[in-house]
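Structure file my_file13.cif with mmCIF, C-alpha atoms:
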```cif
data_protein
#
loop_
_atom_site.group_PDB
_atom_site.id
_atom_site.type_symbol
_atom_site.label_atom_id
_atom_site.label_comp_id
_atom_site.auth_asym_id
_atom_site.auth_seq_id
_atom_site.Cartn_x
_atom_site.Cartn_y
_atom_site.Cartn_z
ATOM 1 C CA MET A 1 84.840 129.609 88.844
ATOM 2 C CA HIS A 2 84.718 132.163 91.656
ATOM 3 C CA GLY A 3 82.202 129.861 93.323
ATOM 4 C CA PHE A 4 85.021 127.448 94.064
ATOM 5 C CA LYS A 5 86.845 129.964 96.244
ATOM 6 C CA GLY A 6 86.533 129.736 99.990
ATOM 7 C CA GLU A 7 86.955 127.023 102.613
ATOM 8 C CA ARG A 8 87.708 123.720 100.919
ATOM 9 C CA VAL A 9 89.476 120.456 101.704
ATOM 10 C CA LEU A 10 92.919 119.375 100.441
ATOM 11 C CA MET A 11 93.210 115.603 100.134
ATOM 12 C CA ARG A 12 96.708 114.129 99.900
ATOM 13 C CA ILE A 13 97.151 110.484 98.973
ATOM 14 C CA HIS A 14 100.585 108.926 99.550
ATOM 15 C CA ILE A 15 101.188 105.719 97.599
ATOM 16 C CA GLY A 16 104.017 103.967 95.778
ATOM 17 C CA GLU A 17 104.910 104.443 92.151
ATOM 18 C CA ARG A 18 104.515 100.710 91.503
ATOM 19 C CA ASP A 19 101.070 100.422 93.052
ATOM 20 C CA LYS A 20 98.589 99.186 90.467
ATOM 21 C CA TYR A 21 94.819 98.998 90.095
ATOM 22 C CA SER A 22 93.251 96.982 87.294
ATOM 23 C CA GLY A 23 96.608 96.673 85.553
ATOM 24 C CA LYS A 24 97.314 100.419 85.306
ATOM 25 C CA PRO A 25 99.328 102.612 87.675
ATOM 26 C CA LEU A 26 97.206 103.434 90.721
ATOM 27 C CA TYR A 27 98.057 107.148 90.638
ATOM 28 C CA GLN A 28 96.829 107.299 87.045
ATOM 29 C CA GLN A 29 93.588 105.496 87.958
ATOM 30 C CA ILE A 30 92.961 107.921 90.833
ATOM 31 C CA VAL A 31 93.466 110.961 88.596
ATOM 32 C CA GLU A 32 91.256 109.492 85.874
ATOM 33 C CA LEU A 33 88.535 108.742 88.443
ATOM 34 C CA LEU A 34 88.616 112.277 89.847
ATOM 35 C CA ARG A 35 88.559 113.692 86.353
ATOM 36 C CA ALA A 36 85.651 111.485 85.240
ATOM 37 C CA ARG A 37 83.651 112.669 88.257
ATOM 38 C CA HIS A 38 84.491 116.310 87.414
ATOM 39 C CA TYR A 39 86.455 117.150 90.523
ATOM 40 C CA ALA A 40 88.158 120.537 90.507
ATOM 41 C CA GLY A 41 91.563 119.086 89.752
ATOM 42 C CA ALA A 42 94.370 116.762 90.805
ATOM 43 C CA THR A 43 98.152 116.832 90.703
ATOM 44 C CA VAL A 44 100.618 113.958 91.005
ATOM 45 C CA PHE A 45 104.078 114.418 92.485
ATOM 46 C CA ARG A 46 106.901 111.933 92.576
ATOM 47 C CA GLY A 47 108.982 112.050 95.768
ATOM 48 C CA ILE A 48 112.725 111.514 95.712
ATOM 49 C CA MET A 49 112.923 109.698 99.036
ATOM 50 C CA GLY A 50 110.589 108.197 101.593
ATOM 51 C CA PHE A 51 109.421 105.346 103.729
ATOM 52 C CA GLY A 52 106.024 104.101 104.858
ATOM 53 C CA PRO A 53 104.319 101.418 106.950
ATOM 54 C CA THR A 54 106.731 98.709 105.792
ATOM 55 C CA SER A 55 109.751 100.878 106.751
ATOM 56 C CA LYS A 56 111.435 100.045 103.444
ATOM 57 C CA LEU A 57 113.542 103.013 102.311
ATOM 58 C CA HIS A 58 113.029 104.312 98.782
ATOM 59 C CA THR A 59 115.364 106.872 97.282
ATOM 60 C CA ASP A 60 116.598 107.964 93.888
ATOM 61 C CA ARG A 61 120.173 108.104 95.195
ATOM 62 C CA PHE A 62 120.684 104.360 94.859
ATOM 63 C CA LEU A 63 119.518 102.451 91.833
ATOM 64 C CA GLU A 64 118.265 99.392 93.685
ATOM 65 C CA LEU A 65 116.187 101.561 96.034
ATOM 66 C CA SER A 66 114.708 103.725 93.298
ATOM 67 C CA VAL A 67 112.317 101.184 91.922
ATOM 68 C CA ASP A 68 109.222 102.187 93.915
ATOM 69 C CA LEU A 69 109.495 105.897 94.658
ATOM 70 C CA PRO A 70 106.828 107.757 96.673
ATOM 71 C CA ILE A 71 103.881 109.288 94.843
ATOM 72 C CA VAL A 72 101.579 111.959 96.255
ATOM 73 C CA VAL A 73 98.236 112.744 94.601
ATOM 74 C CA GLU A 74 96.712 116.055 95.663
ATOM 75 C CA CYS A 75 93.114 117.092 95.148
ATOM 76 C CA VAL A 76 91.284 120.190 96.391
ATOM 77 C CA ASP A 77 87.498 120.188 96.446
ATOM 78 C CA THR A 78 84.525 120.699 98.769
ATOM 79 C CA GLU A 79 84.252 118.661 101.968
ATOM 80 C CA GLU A 80 81.219 116.810 100.618
ATOM 81 C CA ARG A 81 82.842 115.845 97.317
ATOM 82 C CA ILE A 82 86.026 114.632 99.035
ATOM 83 C CA GLN A 83 84.035 112.550 101.522
ATOM 84 C CA ALA A 84 81.979 111.140 98.658
ATOM 85 C CA ILE A 85 84.989 109.698 96.838
ATOM 86 C CA LEU A 86 86.650 108.111 99.896
ATOM 87 C CA PRO A 87 84.819 104.749 99.823
ATOM 88 C CA GLU A 88 85.802 104.246 96.190
ATOM 89 C CA LEU A 89 89.417 105.179 96.945
ATOM 90 C CA ASP A 90 89.425 102.717 99.836
ATOM 91 C CA GLY A 91 88.617 99.972 97.344
ATOM 92 C CA MET A 92 91.386 101.029 94.954
ATOM 93 C CA LEU A 93 94.240 101.560 97.404
ATOM 94 C CA GLY A 94 96.292 98.787 98.942
ATOM 95 C CA GLY A 95 98.667 100.394 101.447
ATOM 96 C CA GLY A 96 99.295 104.101 101.826
ATOM 97 C CA LEU A 97 98.389 107.283 103.637
ATOM 98 C CA ILE A 98 95.497 109.704 103.055
ATOM 99 C CA THR A 99 95.294 113.044 104.811
ATOM 100 C CA LEU A 100 92.651 115.755 104.731
ATOM 101 C CA GLU A 101 93.530 119.364 105.435
ATOM 102 C CA ARG A 102 91.562 122.579 105.464
ATOM 103 C CA ALA A 103 92.512 124.798 102.595
ATOM 104 C CA ARG A 104 91.326 128.259 101.688
ATOM 105 C CA VAL A 105 91.057 128.602 97.916
ATOM 106 C CA ILE A 106 91.832 132.183 96.955
ATOM 107 C CA MET A 107 92.167 131.624 93.218
ATOM 108 C CA TYR A 108 90.886 128.981 90.787
ATOM 109 C CA ARG A 109 90.589 129.867 87.134
ATOM 110 C CA PRO A 110 91.598 128.802 83.650
ATOM 111 C CA GLU A 111 93.912 130.849 81.476
ATOM 112 C CA LEU A 112 92.265 134.028 80.195
ATOM 113 C CA ALA A 113 93.798 137.435 79.533
ATOM 114 C CA PRO A 114 93.139 140.024 82.279
ATOM 115 C CA GLY A 115 90.847 142.002 80.018
ATOM 116 C CA GLU A 116 88.670 138.961 79.332
ATOM 117 C CA ARG A 117 88.243 137.736 82.914
ATOM 118 C CA PRO A 118 84.791 137.991 84.457
ATOM 119 C CA ASP A 119 84.394 139.857 87.759
ATOM 120 C CA GLY A 120 85.140 137.677 90.743
ATOM 121 C CA TRP A 121 88.048 135.870 89.095
ATOM 122 C CA ALA A 122 90.682 137.951 90.857
ATOM 123 C CA ILE A 123 92.632 136.488 93.770
ATOM 124 C CA ASP A 124 90.833 136.990 97.112
ATOM 125 C CA THR A 125 93.371 139.245 98.808
ATOM 126 C CA ASP A 126 91.183 139.989 101.825
ATOM 127 C CA ALA A 127 91.123 136.251 102.563
ATOM 128 C CA ALA A 128 94.943 136.001 102.918
ATOM 129 C CA GLY A 129 96.494 135.865 106.441
ATOM 130 C CA MET B 1 105.095 90.731 86.923
ATOM 131 C CA LYS B 2 107.594 90.517 89.731
ATOM 132 C CA LEU B 3 110.316 93.135 89.563
ATOM 133 C CA PHE B 4 113.160 90.626 89.369
ATOM 134 C CA VAL B 5 111.785 89.281 86.081
ATOM 135 C CA TYR B 6 112.214 92.718 84.476
ATOM 136 C CA VAL B 7 115.760 92.899 85.832
ATOM 137 C CA ALA B 8 116.502 89.351 84.629
ATOM 138 C CA ILE B 9 115.347 90.131 81.085
ATOM 139 C CA GLY B 10 117.389 93.337 80.908
ATOM 140 C CA ALA B 11 120.483 91.765 82.416
ATOM 141 C CA ALA B 12 120.356 88.811 80.041
ATOM 142 C CA ILE B 13 120.199 91.087 77.009
ATOM 143 C CA GLY B 14 122.914 93.340 78.479
ATOM 144 C CA GLY B 15 125.260 90.467 79.203
ATOM 145 C CA VAL B 16 124.927 89.079 75.698
ATOM 146 C CA ALA B 17 125.393 92.559 74.233
ATOM 147 C CA ARG B 18 128.612 92.846 76.210
ATOM 148 C CA LEU B 19 129.804 89.464 74.986
ATOM 149 C CA ALA B 20 129.235 90.513 71.396
ATOM 150 C CA LEU B 21 130.566 94.083 71.523
ATOM 151 C CA SER B 22 133.534 93.655 73.822
ATOM 152 C CA GLY B 23 134.574 90.541 71.941
ATOM 153 C CA PHE B 24 134.387 92.414 68.648
ATOM 154 C CA VAL B 25 136.448 95.354 69.968
ATOM 155 C CA GLN B 26 139.019 93.178 71.677
ATOM 156 C CA GLN B 27 139.645 91.092 68.537
ATOM 157 C CA ARG B 28 140.661 94.292 66.789
ATOM 158 C CA ALA B 29 142.640 95.679 69.753
ATOM 159 C CA GLY B 30 144.888 92.668 70.153
ATOM 160 C CA ALA B 31 146.408 91.304 73.354
ATOM 161 C CA ASP B 32 147.960 94.414 74.877
ATOM 162 C CA PHE B 33 145.121 96.454 76.352
ATOM 163 C CA PRO B 34 141.598 95.567 77.575
ATOM 164 C CA ALA B 35 139.864 97.910 75.172
ATOM 165 C CA GLY B 36 136.754 95.754 74.887
ATOM 166 C CA THR B 37 135.841 96.037 78.567
ATOM 167 C CA LEU B 38 136.719 99.717 78.552
ATOM 168 C CA VAL B 39 134.315 100.369 75.676
ATOM 169 C CA VAL B 40 131.366 98.623 77.325
ATOM 170 C CA ASN B 41 132.053 100.219 80.692
ATOM 171 C CA LEU B 42 132.285 103.741 79.271
ATOM 172 C CA THR B 43 129.298 103.412 76.941
ATOM 173 C CA GLY B 44 127.296 101.676 79.669
ATOM 174 C CA SER B 45 128.052 104.441 82.165
ATOM 175 C CA PHE B 46 126.942 107.049 79.640
ATOM 176 C CA LEU B 47 123.770 105.095 78.920
ATOM 177 C CA LEU B 48 122.902 104.692 82.602
ATOM 178 C CA GLY B 49 123.388 108.417 83.145
ATOM 179 C CA VAL B 50 120.996 109.267 80.314
ATOM 180 C CA LEU B 51 118.385 106.663 81.230
ATOM 181 C CA ILE B 52 118.104 107.241 84.943
ATOM 182 C CA ARG B 53 118.274 111.042 84.798
ATOM 183 C CA TYR B 54 115.642 111.123 82.060
ATOM 184 C CA ALA B 55 113.390 108.500 83.656
ATOM 185 C CA LEU B 56 113.334 110.154 87.066
ATOM 186 C CA GLN B 57 112.456 113.560 85.648
ATOM 187 C CA SER B 58 109.508 112.389 83.590
ATOM 188 C CA ALA B 59 106.469 110.240 84.144
ATOM 189 C CA SER B 60 106.812 108.397 80.860
ATOM 190 C CA VAL B 61 109.090 105.588 82.049
ATOM 191 C CA SER B 62 107.450 103.116 84.435
ATOM 192 C CA PRO B 63 109.384 101.789 87.454
ATOM 193 C CA GLU B 64 109.406 98.360 85.817
ATOM 194 C CA MET B 65 110.968 99.777 82.639
ATOM 195 C CA ARG B 66 113.490 101.687 84.736
ATOM 196 C CA ALA B 67 114.520 98.493 86.496
ATOM 197 C CA MET B 68 114.803 96.561 83.228
ATOM 198 C CA LEU B 69 116.880 99.232 81.474
ATOM 199 C CA THR B 70 119.141 100.308 84.333
ATOM 200 C CA THR B 71 119.642 97.611 86.950
ATOM 201 C CA GLY B 72 118.925 95.061 84.225
ATOM 202 C CA PHE B 73 120.454 96.040 80.920
ATOM 203 C CA CYS B 74 123.167 98.463 82.096
ATOM 204 C CA GLY B 75 123.976 96.142 84.972
ATOM 205 C CA GLY B 76 124.485 93.215 82.633
ATOM 206 C CA TYR B 77 126.164 95.260 79.921
ATOM 207 C CA THR B 78 128.871 96.827 82.099
ATOM 208 C CA THR B 79 131.238 94.808 84.208
ATOM 209 C CA PHE B 80 133.287 95.628 87.271
ATOM 210 C CA SER B 81 134.534 92.122 87.888
ATOM 211 C CA THR B 82 136.097 91.835 84.439
ATOM 212 C CA PHE B 83 137.712 95.260 84.871
ATOM 213 C CA SER B 84 139.167 94.129 88.182
ATOM 214 C CA TYR B 85 140.360 90.824 86.749
ATOM 215 C CA GLU B 86 142.053 92.457 83.776
ATOM 216 C CA SER B 87 143.735 95.042 86.030
ATOM 217 C CA ALA B 88 144.969 92.271 88.315
ATOM 218 C CA VAL B 89 146.430 90.371 85.347
ATOM 219 C CA LEU B 90 148.234 93.510 84.082
ATOM 220 C CA LEU B 91 149.689 94.091 87.547
ATOM 221 C CA GLN B 92 150.745 90.467 87.931
ATOM 222 C CA ASP B 93 152.472 90.658 84.547
ATOM 223 C CA GLY B 94 154.406 93.695 85.710
ATOM 224 C CA GLU B 95 152.623 96.008 83.276
ATOM 225 C CA TYR B 96 152.287 98.778 85.836
ATOM 226 C CA GLY B 97 152.004 101.602 83.334
ATOM 227 C CA ARG B 98 149.266 99.907 81.377
ATOM 228 C CA ALA B 99 147.457 98.925 84.573
ATOM 229 C CA GLY B 100 147.560 102.493 85.856
ATOM 230 C CA LEU B 101 146.292 103.789 82.534
ATOM 231 C CA TYR B 102 143.516 101.207 82.362
ATOM 232 C CA ILE B 103 142.370 101.839 85.936
ATOM 233 C CA GLY B 104 142.563 105.617 85.580
ATOM 234 C CA VAL B 105 140.753 105.786 82.254
ATOM 235 C CA SER B 106 138.123 103.303 83.398
ATOM 236 C CA VAL B 107 137.268 105.124 86.603
ATOM 237 C CA PHE B 108 137.539 108.747 85.487
ATOM 238 C CA GLY B 109 136.314 108.029 81.982
ATOM 239 C CA ALA B 110 133.217 106.335 83.391
ATOM 240 C CA LEU B 111 132.524 109.280 85.698
ATOM 241 C CA LEU B 112 132.859 111.705 82.811
ATOM 242 C CA ALA B 113 130.613 109.494 80.710
ATOM 243 C CA THR B 114 127.949 109.486 83.442
ATOM 244 C CA PHE B 115 127.995 113.281 83.677
ATOM 245 C CA ALA B 116 127.798 113.458 79.889
ATOM 246 C CA GLY B 117 124.799 111.151 80.121
ATOM 247 C CA PHE B 118 123.126 113.518 82.603
ATOM 248 C CA ALA B 119 123.683 116.436 80.236
ATOM 249 C CA CYS B 120 122.255 114.451 77.343
ATOM 250 C CA ALA B 121 119.156 113.591 79.391
ATOM 251 C CA GLU B 122 118.605 117.234 80.344
ATOM 252 C CA TRP B 123 118.884 118.163 76.665
ATOM 253 C CA LEU B 124 116.327 115.520 75.708
ATOM 254 C CA LEU B 125 113.952 116.708 78.426
ATOM 255 C CA HIS B 126 114.421 120.279 77.263
ATOM 256 C CA LEU B 127 113.590 119.224 73.694
ATOM 257 C CA ARG B 128 110.478 117.454 74.938
ATOM 258 C CA ALA B 129 109.324 120.503 76.833
ATOM 259 C CA ARG B 130 109.663 122.688 73.783
ATOM 260 C CA VAL B 131 107.758 120.408 71.388
#
```
Show how you would write the structure in this file as structure tokens.
Amino acid sequence: MHGFKGERVLMRIHIGERDKYSGKPLYQQIVELLRARHYAGATVFRGIMGFGPTSKLHTDRFLELSVDLPIVVECVDTEERIQAILPELDGMLGGGLITLERARVIMYRPELAPGERPDGWAIDTDAAG
Amino acid sequence: MKLFVYVAIGAAIGGVARLALSGFVQQRAGADFPAGTLVVNLTGSFLLGVLIRYALQSASVSPEMRAMLTTGFCGGYTTFSTFSYESAVLLQDGEYGRAGLYIGVSVFGALLATFAGFACAEWLLHLRARV
């Protein structure tokens, strides 16, 4: 676990809630793919308002515009692993936005009581700032 | 499936539900007050409040389902045009008191019903989180 700390890459994928791949929601397929390949993790957020390349506005304030709200899938992993999955993602995505940012991982661990944690699981405080 | 098909299915069921329920209520209410429309508009507003607030706070309702249940069913089930028509008839007949009551209860009752729907959705989500 402490081996995952350090300089990593944050990938953010912006798509629509209605986007599909092989009949299932695209965001679900992306998460299942990342999980099957044992990536460190992924989180899906639903946005409450947004627009993209088609300039269509989506918002939860009006019923007729709330049908295809923005979805963001976030994944943090090593540069190599992120680069490795990009060709497959390219095949799955229709329209959307993918960004890559540098991220410094200062903590990554499963739930364990403080007394049971191995050395090296603590948050890297010297890495902050 | 195209989104409008989901809306069409929901709206068809909603419209027929309105026909049945508001007809049933109005038969019992008589000719004096548009209770049938009031019932569907208030219950529909409550339902929309529950559905949309719940659906947007969870991942378990797909956008297609949302469209079918809200824009579709609730859209077909409630009616603004009938409310307006019935108010216009009351006014034309000189029933100003009844018209005022009908308009006031419809508008403020529906708002209250929507807020009650929100509260109900939050309660359901809370229940789900605790299970």
Find the residues of chain B that sit at most 7 Å from chain A; for each, write down the nearest two atoms and how far apart they are in Å, to one decimal. Count only C-alpha atoms. Sort by chain, then by number going up, and give it as a Markdown table.
```
| residue | atom | partner | partner_atom | distance |
| --- | --- | --- | --- | --- |
| B:Pro63 | CA | A:Val67 | CA | 5.4 |
| B:Ala67 | CA | A:Val67 | CA | 6.4 |
| B:Thr71 | CA | A:Leu63 | CA | 6.9 |
```
- Spell out the residues picked by the PyMOL selection byres ((chain A and resi 50-56) around 8) here, as a VMD selection string. chain A and resid 47 to 49 57 to 59 69 to 70 95 to 96
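Taking only C-alpha atoms into account, Leu38 (chain B) lies nearest to B:Val25 out of the set B:Ala121, B:Leu69, B:Val25, B:Val61.
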- Message: Could you tell me, as a list in words, exactly which residues end up selected when the PyMOL selection byres ((chain B and resi 17-24) around 10) is applied to this structure?
- Response: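 Applying the expression gives Ala11, Ala12, Ile13, Gly14, Gly15, Val16, Val25, Gln26, Gln27, Arg28, Ala29, Pro34, Ala35, Gly36, Thr37, Leu38, Val39, Val40, Asn41, Gly44, Phe73, Cys74, Gly76, Tyr77, Thr78 and Thr79 of chain B.
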- Can you tell me how far CA of Met65 (chain B) sits from CA of Thr43 (chain B), in Å to one decimal? 19.5 Å
Coordinates of box centre and edge lengths for region 18-35 of chain A, 6 Å on every side, axis-aligned, as lines of an AutoDock Vina configuration file:
```
center_x = 96.5
center_y = 105.2
center_z = 89.2
size_x = 28.0
size_y = 29.0
size_z = 19.7
```
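For the pair CA of Arg12 (chain A) and CA of Ile52 (chain B), the separation is 27.0 Å.
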- CA of Asp124 (chain A) to CA of Glu7 (chain A), distance in Å rounded to a single decimal: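 A separation of 12.0 Å between them.
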- Message: With only C-alpha atoms as the counted atoms, please give the residues lying no more than 12 Å from region 82-91 of chain A, apart from itself and same-chain residues fewer than 6 positions off, as a PyMOL selection string.
- Response: chain A and resi 8-13+15+21-22+26-27+29-31+33-42+73-76+97-102
- Task: Please write the residues picked by the PyMOL selection byres ((chain B and resi 101) around 12) on this file as a ChimeraX atom specification.
- Result: /B:33-35,38,87,90-91,95-100,102-109
Can you find the residues with an atom no farther than 10 Å from (84.5, 129.1, 93.2), counting all atoms listed in the file, and report them as a PDB file with C-alpha atoms, in the coordinates of the input?
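Result file part36.pdb:
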```pdb
ATOM      1  CA  MET A   1      84.840 129.609  88.844  1.00  0.00           C
ATOM      2  CA  HIS A   2      84.718 132.163  91.656  1.00  0.00           C
ATOM      3  CA  GLY A   3      82.202 129.861  93.323  1.00  0.00           C
ATOM      4  CA  PHE A   4      85.021 127.448  94.064  1.00  0.00           C
ATOM      5  CA  LYS A   5      86.845 129.964  96.244  1.00  0.00           C
ATOM      6  CA  GLY A   6      86.533 129.736  99.990  1.00  0.00           C
ATOM      7  CA  GLU A   7      86.955 127.023 102.613  1.00  0.00           C
ATOM      8  CA  ARG A   8      87.708 123.720 100.919  1.00  0.00           C
ATOM      9  CA  ALA A  40      88.158 120.537  90.507  1.00  0.00           C
ATOM     10  CA  ASP A  77      87.498 120.188  96.446  1.00  0.00           C
ATOM     11  CA  VAL A 105      91.057 128.602  97.916  1.00  0.00           C
ATOM     12  CA  ILE A 106      91.832 132.183  96.955  1.00  0.00           C
ATOM     13  CA  MET A 107      92.167 131.624  93.218  1.00  0.00           C
ATOM     14  CA  TYR A 108      90.886 128.981  90.787  1.00  0.00           C
ATOM     15  CA  ARG A 109      90.589 129.867  87.134  1.00  0.00           C
ATOM     16  CA  GLY A 120      85.140 137.677  90.743  1.00  0.00           C
ATOM     17  CA  TRP A 121      88.048 135.870  89.095  1.00  0.00           C
TER      18      TRP A 121
END
```
- Distance criterion (only C-alpha atoms): nearest to Ala110 (chain B) out of B:Glu64, B:Glu86, B:Leu124, B:Leu47: B:Leu47
- Residue nearest Thr43 (chain A) among A:Leu112, A:Leu93, A:Leu65, A:Ile71 (counting all atoms listed in the file): A:Ile71
Where atoms are lacking, region 98-115 of chain A completed to N, CA and C atoms, as an mmCIF file, in the coordinates of the input:
```
data_model
loop_
_atom_site.group_PDB
_atom_site.id
_atom_site.type_symbol
_atom_site.label_atom_id
_atom_site.label_comp_id
_atom_site.auth_asym_id
_atom_site.auth_seq_id
_atom_site.Cartn_x
_atom_site.Cartn_y
_atom_site.Cartn_z
ATOM 1 N N ILE A 98 96.359 108.630 103.578
ATOM 2 C CA ILE A 98 95.497 109.704 103.055
ATOM 3 C C ILE A 98 95.310 110.722 104.156
ATOM 4 N N THR A 99 95.548 111.995 103.839
ATOM 5 C CA THR A 99 95.294 113.044 104.811
ATOM 6 C C THR A 99 94.312 114.048 104.234
ATOM 7 N N LEU A 100 93.557 114.679 105.124
ATOM 8 C CA LEU A 100 92.651 115.755 104.731
ATOM 9 C C LEU A 100 93.026 117.007 105.503
ATOM 10 N N GLU A 101 93.199 118.099 104.777
ATOM 11 C CA GLU A 101 93.530 119.364 105.435
ATOM 12 C C GLU A 101 92.529 120.415 105.008
ATOM 13 N N ARG A 102 92.359 121.425 105.869
ATOM 14 C CA ARG A 102 91.562 122.579 105.464
ATOM 15 C C ARG A 102 92.407 123.453 104.567
ATOM 16 N N ALA A 103 91.817 123.885 103.494
ATOM 17 C CA ALA A 103 92.512 124.798 102.595
ATOM 18 C C ALA A 103 91.567 125.920 102.227
ATOM 19 N N ARG A 104 92.132 127.146 102.145
ATOM 20 C CA ARG A 104 91.326 128.259 101.688
ATOM 21 C C ARG A 104 91.706 128.550 100.251
ATOM 22 N N VAL A 105 90.783 128.346 99.325
ATOM 23 C CA VAL A 105 91.057 128.602 97.916
ATOM 24 C C VAL A 105 90.880 130.083 97.657
ATOM 25 N N ILE A 106 91.945 130.747 97.241
ATOM 26 C CA ILE A 106 91.832 132.183 96.955
ATOM 27 C C ILE A 106 91.880 132.471 95.456
ATOM 28 N N MET A 107 92.217 131.450 94.661
ATOM 29 C CA MET A 107 92.167 131.624 93.218
ATOM 30 C C MET A 107 91.956 130.271 92.563
ATOM 31 N N TYR A 108 91.086 130.201 91.572
ATOM 32 C CA TYR A 108 90.886 128.981 90.787
ATOM 33 C C TYR A 108 90.293 129.413 89.467
ATOM 34 N N ARG A 109 91.092 129.408 88.420
ATOM 35 C CA ARG A 109 90.589 129.867 87.134
ATOM 36 C C ARG A 109 91.423 129.301 86.002
ATOM 37 N N PRO A 110 90.822 129.181 84.824
ATOM 38 C CA PRO A 110 91.598 128.802 83.650
ATOM 39 C C PRO A 110 92.283 130.025 83.067
ATOM 40 N N GLU A 111 93.149 129.770 82.103
ATOM 41 C CA GLU A 111 93.912 130.849 81.476
ATOM 42 C C GLU A 111 92.989 131.760 80.655
ATOM 43 N N LEU A 112 92.952 133.020 81.000
ATOM 44 C CA LEU A 112 92.265 134.028 80.195
ATOM 45 C C LEU A 112 92.966 135.358 80.421
ATOM 46 N N ALA A 113 93.106 136.148 79.391
ATOM 47 C CA ALA A 113 93.798 137.435 79.533
ATOM 48 C C ALA A 113 93.040 138.322 80.521
ATOM 49 N N PRO A 114 93.776 139.189 81.244
ATOM 50 C CA PRO A 114 93.139 140.024 82.279
ATOM 51 C C PRO A 114 91.929 140.790 81.764
ATOM 52 N N GLY A 115 91.977 141.239 80.542
ATOM 53 C CA GLY A 115 90.847 142.002 80.018
ATOM 54 C C GLY A 115 89.606 141.153 79.801
#
```
